file my_file21.txt (compact mmCIF, C-alpha atoms and all ligand atoms)
# COMPACT_ATOMS: atom_id res chain seq x y z
CA MET A 19 17.04 25.23 124.25
CA ASN A 20 14.14 25.63 126.70
CA ASP A 21 10.62 26.66 125.71
CA SER A 22 10.95 30.09 127.30
CA VAL A 23 13.95 31.58 129.00
CA ASN A 24 14.67 34.03 131.77
CA SER A 25 17.28 36.71 131.17
CA ILE A 26 20.16 34.66 132.53
CA ASP A 27 19.38 31.79 130.11
CA LYS A 28 19.03 34.10 127.13
CA LYS A 29 21.43 33.03 124.39
CA THR A 30 22.95 34.79 121.42
CA VAL A 31 22.70 32.61 118.33
CA TRP A 32 23.92 33.05 114.74
CA ILE A 33 22.08 31.10 112.05
CA THR A 34 23.28 30.91 108.44
CA GLY A 35 20.63 30.03 105.86
CA ALA A 36 17.99 31.66 108.05
CA SER A 37 16.10 33.37 105.23
CA SER A 38 14.25 30.16 104.35
CA GLY A 39 13.35 26.60 105.28
CA ILE A 40 14.91 24.89 108.28
CA GLY A 41 17.17 27.82 109.26
CA ARG A 42 14.27 30.30 109.25
CA ALA A 43 11.96 28.00 111.24
CA VAL A 44 14.66 27.40 113.87
CA ALA A 45 15.46 31.15 114.05
CA GLU A 46 11.83 32.16 114.58
CA LYS A 47 11.30 29.55 117.29
CA LEU A 48 14.45 30.63 119.15
CA ALA A 49 13.45 34.30 118.99
CA GLN A 50 9.93 33.41 120.19
CA GLN A 51 11.53 31.66 123.16
CA GLY A 52 13.37 34.88 124.05
CA HIS A 53 16.79 34.41 122.49
CA ARG A 54 18.74 36.98 120.47
CA VAL A 55 19.21 35.56 116.97
CA TYR A 56 21.36 36.89 114.12
CA ILE A 57 19.90 35.64 110.85
CA SER A 58 21.98 35.31 107.68
CA GLY A 59 21.24 34.82 104.01
CA ARG A 60 22.41 36.64 100.91
CA THR A 61 19.53 39.08 100.46
CA VAL A 62 19.16 41.93 102.92
CA GLU A 63 15.52 42.65 101.91
CA THR A 64 14.43 39.06 102.62
CA LEU A 65 16.09 39.12 106.04
CA GLU A 66 14.60 42.52 106.91
CA ASP A 67 11.13 41.26 105.92
CA ILE A 68 11.52 38.33 108.31
CA VAL A 69 12.65 40.66 111.11
CA GLN A 70 9.68 42.97 110.44
CA GLN A 71 7.19 40.10 110.42
CA PHE A 72 8.62 38.85 113.71
CA ASP A 73 8.53 42.30 115.34
CA PHE A 74 4.95 42.78 114.15
CA SER A 75 3.79 39.44 115.58
CA LYS A 76 5.66 40.25 118.81
CA ASP A 77 3.86 43.59 119.13
CA SER A 78 0.49 42.00 118.45
CA LYS A 79 1.10 39.40 121.17
CA ALA A 80 2.70 41.70 123.74
CA SER A 81 1.47 39.53 126.61
CA THR A 82 3.50 36.55 125.35
CA ASN A 83 6.51 38.62 124.30
CA ALA A 84 9.50 36.73 125.68
CA GLY A 85 11.88 39.54 124.72
CA GLY A 86 13.50 37.66 121.87
CA GLN A 87 15.02 39.37 118.87
CA LEU A 88 15.85 38.64 115.23
CA ILE A 89 18.67 40.71 113.70
CA ALA A 90 19.46 40.69 109.97
CA LEU A 91 23.10 39.86 109.17
CA PRO A 92 23.35 39.49 105.39
CA CYS A 93 26.34 37.57 104.03
CA ASP A 94 27.35 35.15 101.32
CA VAL A 95 29.01 32.16 102.99
CA THR A 96 31.05 31.47 99.85
CA ASP A 97 32.82 34.85 100.03
CA ASP A 98 36.02 33.87 101.89
CA ALA A 99 37.34 37.43 102.24
CA ALA A 100 34.09 38.98 103.47
CA MET A 101 33.27 36.12 105.83
CA VAL A 102 36.43 36.50 107.93
CA ASN A 103 35.23 39.75 109.51
CA VAL A 104 31.49 39.44 108.98
CA LEU A 105 30.68 39.14 112.67
CA GLN A 106 33.04 41.88 113.88
CA GLU A 107 31.71 44.25 111.23
CA ALA A 108 28.16 43.56 112.39
CA GLY A 109 29.21 44.30 115.98
CA VAL A 110 28.64 40.73 117.21
CA GLU A 111 30.69 40.51 120.37
CA SER A 112 29.41 37.34 121.95
CA LEU A 113 27.88 34.12 120.68
CA ASP A 114 26.60 31.02 122.47
CA THR A 115 25.46 28.95 119.53
CA ILE A 116 25.92 28.90 115.77
CA ILE A 117 23.60 26.93 113.51
CA LEU A 118 25.02 26.33 110.04
CA SER A 119 22.06 25.78 107.75
CA ALA A 120 23.05 27.68 104.59
CA GLY A 121 22.92 25.18 101.77
CA THR A 122 22.06 24.50 98.18
CA CYS A 123 21.21 21.41 96.16
CA GLU A 124 21.79 20.64 92.50
CA TYR A 125 21.63 17.23 90.86
CA ILE A 126 23.92 15.57 88.35
CA ASP A 127 22.52 14.30 85.07
CA LEU A 128 24.92 11.78 83.55
CA PRO A 129 26.81 11.79 81.31
CA ASP A 130 27.35 15.43 82.29
CA LEU A 131 29.60 15.43 85.36
CA ASP A 132 29.59 19.21 85.58
CA ILE A 133 32.72 20.29 87.49
CA ASN A 134 31.47 23.88 87.84
CA MET A 135 28.26 22.71 89.45
CA ILE A 136 30.08 20.30 91.78
CA ARG A 137 32.38 23.17 92.84
CA ARG A 138 29.42 25.55 93.27
CA VAL A 139 27.55 23.15 95.57
CA ASN A 140 30.70 22.41 97.58
CA GLU A 141 31.48 26.15 97.85
CA THR A 142 28.20 26.71 99.70
CA ASN A 143 27.64 23.46 101.60
CA TYR A 144 31.23 22.67 102.56
CA PHE A 145 33.43 25.77 102.28
CA GLY A 146 30.50 27.92 103.49
CA VAL A 147 30.52 25.92 106.73
CA VAL A 148 34.30 26.32 106.98
CA ASN A 149 33.98 30.09 106.42
CA ALA A 150 31.29 30.43 109.09
CA CYS A 151 33.46 28.51 111.57
CA ILE A 152 36.46 30.73 110.78
CA ALA A 153 34.29 33.78 111.47
CA ALA A 154 32.72 32.47 114.67
CA LEU A 155 35.48 30.47 116.38
CA PRO A 156 37.35 33.40 117.99
CA ILE A 157 34.07 34.62 119.54
CA LEU A 158 33.00 31.11 120.60
CA GLU A 159 36.42 30.58 122.23
CA LYS A 160 35.83 33.72 124.34
CA THR A 161 32.44 32.37 125.37
CA ALA A 162 34.10 29.06 126.27
CA GLU A 163 36.60 30.87 128.47
CA ALA A 164 33.83 32.78 130.25
CA ALA A 165 31.78 29.57 130.63
CA ASN A 166 34.46 28.33 132.98
CA GLU A 167 33.60 24.66 132.42
CA SER A 168 29.88 25.15 133.07
CA VAL A 169 28.25 22.75 130.58
CA ASP A 170 25.13 24.93 130.26
CA ARG A 171 27.17 27.95 129.17
CA ARG A 172 29.50 26.01 126.86
CA PRO A 173 29.27 27.28 123.28
CA HIS A 174 27.69 25.03 120.70
CA ILE A 175 28.24 24.57 116.95
CA ILE A 176 25.34 22.88 115.16
CA GLY A 177 25.83 21.94 111.49
CA ILE A 178 22.97 20.84 109.27
CA GLY A 179 24.33 17.86 107.35
CA SER A 180 22.24 15.30 105.50
CA MET A 181 21.47 11.57 105.51
CA SER A 182 22.57 11.66 101.87
CA SER A 183 26.13 11.38 103.17
CA TYR A 184 25.44 7.91 104.66
CA LEU A 185 25.39 6.20 101.23
CA GLY A 186 25.74 7.13 97.57
CA PHE A 187 22.35 8.49 96.46
CA PRO A 188 21.54 8.68 92.74
CA ARG A 189 22.39 12.06 91.15
CA ALA A 190 23.83 13.36 94.45
CA GLU A 191 27.52 13.33 93.46
CA ALA A 192 27.72 17.09 94.17
CA TYR A 193 25.28 17.44 97.08
CA GLY A 194 26.17 14.23 98.93
CA SER A 195 29.91 14.83 98.64
CA SER A 196 29.54 18.38 100.00
CA LYS A 197 27.54 17.08 102.97
CA ALA A 198 30.01 14.25 103.65
CA ALA A 199 32.84 16.81 103.59
CA MET A 200 31.09 19.22 105.94
CA SER A 201 30.18 16.46 108.41
CA TYR A 202 33.74 15.19 108.44
CA PHE A 203 35.07 18.74 108.87
CA LEU A 204 32.81 19.33 111.90
CA GLU A 205 33.64 15.94 113.43
CA SER A 206 37.34 16.64 113.07
CA LEU A 207 36.83 20.11 114.57
CA ARG A 208 35.04 18.45 117.51
CA SER A 209 38.14 16.35 118.15
CA ASP A 210 40.33 19.45 118.19
CA LEU A 211 37.99 21.57 120.31
CA GLY A 212 37.86 18.96 123.08
CA ASP A 213 35.39 19.90 125.77
CA ARG A 214 35.62 23.67 125.24
CA ILE A 215 33.00 23.83 122.49
CA ASP A 216 30.28 21.25 121.70
CA VAL A 217 29.71 20.20 118.10
CA THR A 218 26.49 18.55 116.89
CA VAL A 219 25.93 17.38 113.32
CA VAL A 220 22.27 17.14 112.29
CA TYR A 221 21.26 14.51 109.72
CA PRO A 222 17.78 15.32 108.42
CA GLY A 223 16.03 13.02 105.99
CA PHE A 224 13.62 14.86 103.70
CA VAL A 225 12.12 18.10 105.07
CA LYS A 226 9.47 20.09 103.18
CA THR A 227 11.19 23.39 102.27
CA PRO A 228 11.75 25.43 99.10
CA MET A 229 14.82 23.22 98.51
CA THR A 230 12.85 19.96 98.39
CA ASP A 231 9.81 21.53 96.69
CA ARG A 232 11.92 21.37 93.52
CA ASN A 233 12.51 17.60 93.79
CA ASP A 234 10.78 15.38 91.26
CA PHE A 235 11.46 12.01 92.90
CA PRO A 236 9.86 10.15 95.81
CA MET A 237 10.78 11.57 99.25
CA PRO A 238 9.88 8.92 101.83
CA PHE A 239 8.95 10.05 105.37
CA LEU A 240 8.89 13.77 104.37
CA VAL A 241 8.89 15.92 107.54
CA ASP A 242 7.15 19.28 107.95
CA VAL A 243 9.64 22.14 108.46
CA GLU A 244 8.13 23.27 111.79
CA GLU A 245 8.38 19.72 113.12
CA ALA A 246 11.99 19.51 111.90
CA ALA A 247 12.87 22.74 113.75
CA ASP A 248 11.18 21.46 116.93
CA ILE A 249 13.12 18.18 116.78
CA ILE A 250 16.45 19.96 116.24
CA LEU A 251 15.90 22.42 119.10
CA ARG A 252 14.57 19.82 121.54
CA LYS A 253 17.43 17.40 120.90
CA ALA A 254 20.16 20.07 120.69
CA ASP A 255 19.51 20.93 124.33
CA ARG A 256 21.26 17.70 125.36
CA ARG A 257 24.21 18.51 123.08
CA PRO A 258 24.40 15.14 121.36
CA LEU A 259 27.13 14.38 118.81
CA THR A 260 24.46 13.80 116.16
CA ILE A 261 20.76 14.35 115.64
CA ALA A 262 19.10 12.21 112.95
CA PHE A 263 15.43 12.32 111.98
CA PRO A 264 12.97 10.96 111.02
CA ALA A 265 13.87 7.85 113.03
CA ARG A 266 12.38 5.36 110.54
CA LEU A 267 14.37 6.69 107.58
CA ASN A 268 17.50 6.88 109.72
CA LEU A 269 17.08 3.22 110.75
CA LEU A 270 16.45 2.16 107.17
CA LEU A 271 19.52 3.97 105.79
CA LYS A 272 21.81 2.96 108.68
CA THR A 273 20.76 -0.66 108.06
CA MET A 274 21.55 -0.21 104.37
CA THR A 275 25.09 0.91 105.26
CA LEU A 276 25.55 -2.64 106.63
CA PHE A 277 24.27 -4.16 103.37
CA PRO A 278 25.60 -1.78 100.72
CA ARG A 279 25.13 -4.20 97.83
CA MET A 280 21.42 -4.39 98.62
CA TRP A 281 21.31 -0.57 98.55
CA TYR A 282 23.11 -0.13 95.23
CA SER A 283 21.46 -3.01 93.41
CA GLY A 284 17.95 -2.43 94.73
CA VAL A 285 16.74 0.42 96.92
CA SER A 286 18.74 3.30 95.41
CA LYS A 287 17.31 2.47 91.96
CA ARG A 288 13.83 3.33 93.25
CA LEU A 289 14.98 6.84 94.17
CA ARG A 290 16.17 7.59 90.65
CA ARG A 291 14.23 10.19 88.74
CA THR A 292 12.04 8.65 86.04
CA GLY A 293 14.15 8.37 82.95
CA ALA A 294 17.45 9.16 84.71
CA ASP A 295 18.63 5.58 84.28
CA THR A 296 17.76 5.23 80.66
N1 LIG A 301 15.13 20.15 103.15
C1 LIG A 301 15.68 18.96 103.29
O1 LIG A 301 15.05 17.91 103.03
C2 LIG A 301 17.07 18.84 103.79
C3 LIG A 301 17.54 17.56 104.09
C4 LIG A 301 18.82 17.40 104.57
C5 LIG A 301 19.61 18.50 104.76
N2 LIG A 301 19.15 19.74 104.46
C6 LIG A 301 20.03 20.87 104.66
O2 LIG A 301 19.39 21.81 105.48
C7 LIG A 301 19.89 23.11 105.18
C8 LIG A 301 18.71 24.04 104.94
O3 LIG A 301 18.02 23.60 103.79
P1 LIG A 301 16.50 24.00 103.50
O4 LIG A 301 15.84 22.77 103.06
O5 LIG A 301 15.98 24.77 104.62
O6 LIG A 301 16.71 24.88 102.18
P2 LIG A 301 16.24 26.32 101.74
O7 LIG A 301 14.86 26.60 102.21
O8 LIG A 301 16.54 26.39 100.30
O9 LIG A 301 17.22 27.28 102.55
C9 LIG A 301 18.57 27.42 102.18
C10 LIG A 301 19.14 28.61 102.91
O10 LIG A 301 20.52 28.73 102.60
C11 LIG A 301 20.80 30.07 102.24
N3 LIG A 301 21.94 30.13 101.32
C12 LIG A 301 22.12 29.46 100.16
N4 LIG A 301 23.28 29.80 99.59
C13 LIG A 301 23.86 30.71 100.42
C14 LIG A 301 25.07 31.44 100.39
N5 LIG A 301 25.95 31.30 99.39
N6 LIG A 301 25.33 32.28 101.42
C15 LIG A 301 24.46 32.44 102.43
N7 LIG A 301 23.30 31.77 102.52
C16 LIG A 301 23.00 30.93 101.53
C17 LIG A 301 19.51 30.55 101.58
O11 LIG A 301 19.46 31.97 101.64
P3 LIG A 301 19.53 32.96 100.41
O12 LIG A 301 19.13 32.19 99.17
O13 LIG A 301 18.57 34.03 100.82
O14 LIG A 301 20.95 33.43 100.39
C18 LIG A 301 18.49 29.93 102.50
O15 LIG A 301 18.30 30.73 103.64
C19 LIG A 301 20.79 22.96 103.96
O16 LIG A 301 22.12 22.90 104.39
C20 LIG A 301 20.35 21.64 103.38
O17 LIG A 301 21.37 21.05 102.63
C21 LIG A 301 17.89 19.94 103.97
call {"tool": "encode", "arguments": {"input": "my_file21.txt", "output": "structure tokens"}}
result
Amino acid sequence: MNDSVNSIDKKTVWITGASSGIGRAVAEKLAQQGHRVYISGRTVETLEDIVQQFDFSKDSKASTNAGGQLIALPCDVTDDAAMVNVLQEAGVESLDTIILSAGTCEYIDLPDLDINMIRRVNETNYFGVVNACIAALPILEKTAEAANESVDRRPHIIGIGSMSSYLGFPRAEAYGSSKAAMSYFLESLRSDLGDRIDVTVVYPGFVKTPMTDRNDFPMPFLVDVEEAADIILRKADRRPLTIAFPARLNLLLKTMTLFPRMWYSGVSKRLRRTGADT
């Protein structure tokens, strides 16, 4: 999406997981560019704080006010029943883009293969994406109809996956499987949607956010969250099938997919938490 937009290019965007990290950074940049952005997370107070901070900074920089807007839309993506009508109930009548960033990460500690934890992570990262698509698809289909084959107006689904789904990472049985499932779901959806709605799956490496601040293992090529949001928005403009960054980590992991034995017997060991393999 362009750096600043005139009224005809103004888009309506829904972002899940916009109360923090990547989703929040992307939401604020889009609103600064002049777009209308619905931001979702589970806590209404957090979302309202973000809206207030944005409105305050907009007022204090009236000369650069591009007319963008953040609107709080609290929801829990794991709540199947509530998610079906979440957009209608919030009065969202049109959408150009949805960005599915809501996610959680928990790690396995063998020998405890905790089924409840694996379900919990998959509920958010996989079924949460499914729920958001169920909510948004009828509205995106209307946008597609109105777009009348104009590529610029074609609706766009952007899912935040993870490079962890390229290969088996240590302790990522829950997280990696949820990301592999959500990527596959979105790729399959892309096949069914044909050229009515574009689908992009984003594969970040490590991005510095509250999620990764909890990690206690090496995170090579860690990317700043503002830089991550800039990369996603700049690349999403061209509506690619995938966006993967940082390039060096992507190249390294893609190469490892060609030499899986080298990955499992060597490199992946170095990512294990100290003591996890004892
Ligand atoms: N950071 C990385 O290195 C990295 C790498 C690859 C992929 N990713 C993916 O990028 C996405 C964003 O991660 P992040 O690093 O920005 O993490 P983050 O700062 O922890 O943000 C996670 C967001 O998801 C929301 N969320 C969690 N559970 C939810 C639920 N049940 N319903 C609605 N919203 C929920 C959180 O909001 P509330 O808690 O307020 O509900 C928060 O806004 C995730 O999908 C993550 O898996 C991150």
call {"tool": "closest_residue", "arguments": {"input": "my_file21.txt", "among": "A:Val139, A:Val110, A:Cys151, A:Leu65", "to": "A:Asp98", "atoms": "only C-alpha atoms"}}
result
A:Cys151
call {"tool": "residues_near_ligand", "arguments": {"input": "my_file21.txt", "ligand": "ligand LIG 301 (chain A)", "cutoff": "8 Å", "atoms": "all atoms listed in the file", "output": "number ranges by chain"}}
result
A: 34-42, 58-61, 64-65, 92-97, 118-123, 141-143, 146, 178-182, 193, 197, 221-230, 240-241, 243
call {"tool": "axis_aligned_box", "arguments": {"input": "my_file21.txt", "around": "stretch 33-45 of chain A", "padding_each_side": "5 Å", "output": "JSON"}}
result
{"center_x": 17.6, "center_y": 29.1, "center_z": 109.2, "size_x": 21.3, "size_y": 18.5, "size_z": 19.7}
call {"tool": "closest_residue", "arguments": {"input": "my_file21.txt", "among": "A:Leu113, A:Ala190, A:Met135, A:Met200", "to": "A:Thr161", "atoms": "all atoms listed in the file"}}
result
A:Leu113
call {"tool": "atom_distance", "arguments": {"input": "my_file21.txt", "atom1": "atom CA of A:Leu289", "atom2": "atom CA of A:Phe277"}}
result
17.1 Å
call {"tool": "atom_distance", "arguments": {"input": "my_file21.txt", "atom1": "atom CA of A:Ile176", "atom2": "atom CA of A:Ile133"}}
result
28.8 Å
call {"tool": "residues_around", "arguments": {"input": "my_file21.txt", "residues": "A:Asp114", "least_positions_apart": "5", "cutoff": "12 Å", "atoms": "only C-alpha atoms", "output": "JSON, numbers by chain"}}
result
{"A": [19, 27, 28, 29, 30, 31, 32, 33, 53, 54, 55, 56, 154, 155, 156, 157, 158, 159, 160, 161, 162, 163, 164, 165, 169, 170, 171, 172, 173, 174, 175, 176, 214, 215, 216]}
call {"tool": "atom_distance", "arguments": {"input": "my_file21.txt", "atom1": "atom CA of A:Pro278", "atom2": "atom CA of A:Pro258"}}
result
26.7 Å
call {"tool": "closest_residue", "arguments": {"input": "my_file21.txt", "among": "A:Ala99, A:Leu207, A:Ala198, A:Ala90", "to": "A:Ala153", "atoms": "only C-alpha atoms"}}
result
A:Ala99
call {"tool": "residues_around", "arguments": {"input": "my_file21.txt", "residues": "A:Glu191", "least_positions_apart": "4", "cutoff": "8 Å", "atoms": "only C-alpha atoms", "output": "PyMOL selection string"}}
result
chain A and resi 125-126+136+186-187+195
call {"tool": "closest_residue", "arguments": {"input": "my_file21.txt", "among": "A:Ala49, A:Ala43, A:Val219, A:Met274", "to": "A:Leu259", "atoms": "all atoms listed in the file"}}
result
A:Val219
call {"tool": "closest_residue", "arguments": {"input": "my_file21.txt", "among": "A:Arg189, A:Asn103, A:Asn140, A:Phe72", "to": "A:Ala45", "atoms": "all atoms listed in the file"}}
result
A:Phe72
call {"tool": "closest_residue", "arguments": {"input": "my_file21.txt", "among": "A:Val285, A:Ile250, A:Ala262, A:Val148", "to": "A:Ser206", "atoms": "only C-alpha atoms"}}
result
A:Val148
call {"tool": "residues_around", "arguments": {"input": "my_file21.txt", "residues": "A:Leu251", "least_positions_apart": "4", "cutoff": "12 Å", "atoms": "all atoms listed in the file", "output": "compact mmCIF listing (two decimals) with C-alpha atoms, keeping the file's coordinate frame"}}
result
# COMPACT_ATOMS: atom_id res chain seq x y z
CA MET A 19 17.04 25.23 124.25
CA ASN A 20 14.14 25.63 126.70
CA ASP A 21 10.62 26.66 125.71
CA ILE A 40 14.91 24.89 108.28
CA GLY A 41 17.17 27.82 109.26
CA ALA A 43 11.96 28.00 111.24
CA VAL A 44 14.66 27.40 113.87
CA ALA A 45 15.46 31.15 114.05
CA GLU A 46 11.83 32.16 114.58
CA LYS A 47 11.30 29.55 117.29
CA LEU A 48 14.45 30.63 119.15
CA GLN A 51 11.53 31.66 123.16
CA THR A 115 25.46 28.95 119.53
CA ILE A 117 23.60 26.93 113.51
CA ILE A 176 25.34 22.88 115.16
CA THR A 218 26.49 18.55 116.89
CA VAL A 220 22.27 17.14 112.29
CA GLU A 244 8.13 23.27 111.79
CA GLU A 245 8.38 19.72 113.12
CA ALA A 246 11.99 19.51 111.90
CA ALA A 247 12.87 22.74 113.75
CA ASP A 255 19.51 20.93 124.33
CA ARG A 256 21.26 17.70 125.36
CA ARG A 257 24.21 18.51 123.08
CA PRO A 258 24.40 15.14 121.36
CA ILE A 261 20.76 14.35 115.64
call {"tool": "build_atoms", "arguments": {"input": "my_file21.txt", "residues": "stretch 231-240 of chain A", "atoms": "all heavy atoms", "output": "compact mmCIF listing (two decimals), in the frame of the given file"}}
result
# COMPACT_ATOMS: atom_id res chain seq x y z
N ASP A 231 10.98 21.31 97.56
CA ASP A 231 9.81 21.53 96.69
C ASP A 231 10.19 21.36 95.22
O ASP A 231 9.34 21.12 94.38
CB ASP A 231 9.21 22.93 96.92
CG ASP A 231 8.44 23.01 98.23
OD1 ASP A 231 8.12 21.93 98.80
OD2 ASP A 231 8.16 24.13 98.71
N ARG A 232 11.47 21.51 94.92
CA ARG A 232 11.92 21.37 93.52
C ARG A 232 12.16 19.90 93.12
O ARG A 232 12.34 19.60 91.95
CB ARG A 232 13.24 22.15 93.31
CG ARG A 232 13.09 23.66 93.47
CD ARG A 232 14.34 24.37 92.99
NE ARG A 232 15.51 24.07 93.78
CZ ARG A 232 15.90 24.77 94.85
NH1 ARG A 232 15.22 25.82 95.24
NH2 ARG A 232 16.97 24.44 95.53
N ASN A 233 12.18 19.00 94.11
CA ASN A 233 12.51 17.60 93.79
C ASN A 233 11.39 16.92 93.02
O ASN A 233 10.21 17.14 93.31
CB ASN A 233 12.78 16.81 95.09
CG ASN A 233 14.11 17.21 95.73
OD1 ASN A 233 14.91 17.89 95.10
ND2 ASN A 233 14.32 16.81 96.97
N ASP A 234 11.78 16.09 92.06
CA ASP A 234 10.78 15.38 91.26
C ASP A 234 10.93 13.87 91.41
O ASP A 234 10.72 13.12 90.49
CB ASP A 234 10.89 15.79 89.79
CG ASP A 234 12.26 15.49 89.22
OD1 ASP A 234 13.13 14.99 89.98
OD2 ASP A 234 12.48 15.73 88.02
N PHE A 235 11.34 13.45 92.62
CA PHE A 235 11.46 12.01 92.90
C PHE A 235 10.80 11.73 94.25
O PHE A 235 10.53 12.68 95.01
CB PHE A 235 12.94 11.58 92.90
CG PHE A 235 13.81 12.42 93.79
CD1 PHE A 235 13.84 12.21 95.17
CD2 PHE A 235 14.60 13.44 93.26
CE1 PHE A 235 14.65 12.99 95.99
CE2 PHE A 235 15.40 14.23 94.07
CZ PHE A 235 15.42 13.99 95.45
N PRO A 236 10.54 10.46 94.54
CA PRO A 236 9.86 10.15 95.81
C PRO A 236 10.71 10.56 97.01
O PRO A 236 11.93 10.37 97.01
CB PRO A 236 9.70 8.62 95.78
CG PRO A 236 10.02 8.19 94.40
CD PRO A 236 10.84 9.26 93.75
N MET A 237 10.05 11.17 98.03
CA MET A 237 10.78 11.57 99.25
C MET A 237 10.11 10.89 100.43
O MET A 237 9.18 11.45 101.04
CB MET A 237 10.76 13.10 99.40
CG MET A 237 11.58 13.80 98.34
SD MET A 237 11.71 15.56 98.61
CE MET A 237 10.14 16.13 97.98
N PRO A 238 10.55 9.65 100.76
CA PRO A 238 9.88 8.92 101.83
C PRO A 238 10.02 9.62 103.17
O PRO A 238 11.03 10.24 103.46
CB PRO A 238 10.60 7.56 101.84
CG PRO A 238 11.87 7.76 101.09
CD PRO A 238 11.68 8.91 100.17
N PHE A 239 8.97 9.52 103.99
CA PHE A 239 8.95 10.05 105.37
C PHE A 239 9.23 11.56 105.41
O PHE A 239 9.93 12.05 106.30
CB PHE A 239 9.97 9.33 106.27
CG PHE A 239 9.86 7.83 106.24
CD1 PHE A 239 10.87 7.06 105.67
CD2 PHE A 239 8.76 7.18 106.76
CE1 PHE A 239 10.79 5.67 105.62
CE2 PHE A 239 8.66 5.80 106.73
CZ PHE A 239 9.68 5.04 106.17
N LEU A 240 8.70 12.31 104.43
CA LEU A 240 8.89 13.77 104.37
C LEU A 240 8.39 14.41 105.68
O LEU A 240 7.29 14.13 106.13
CB LEU A 240 8.11 14.32 103.17
CG LEU A 240 8.27 15.80 102.85
CD1 LEU A 240 9.69 16.09 102.34
CD2 LEU A 240 7.25 16.23 101.77
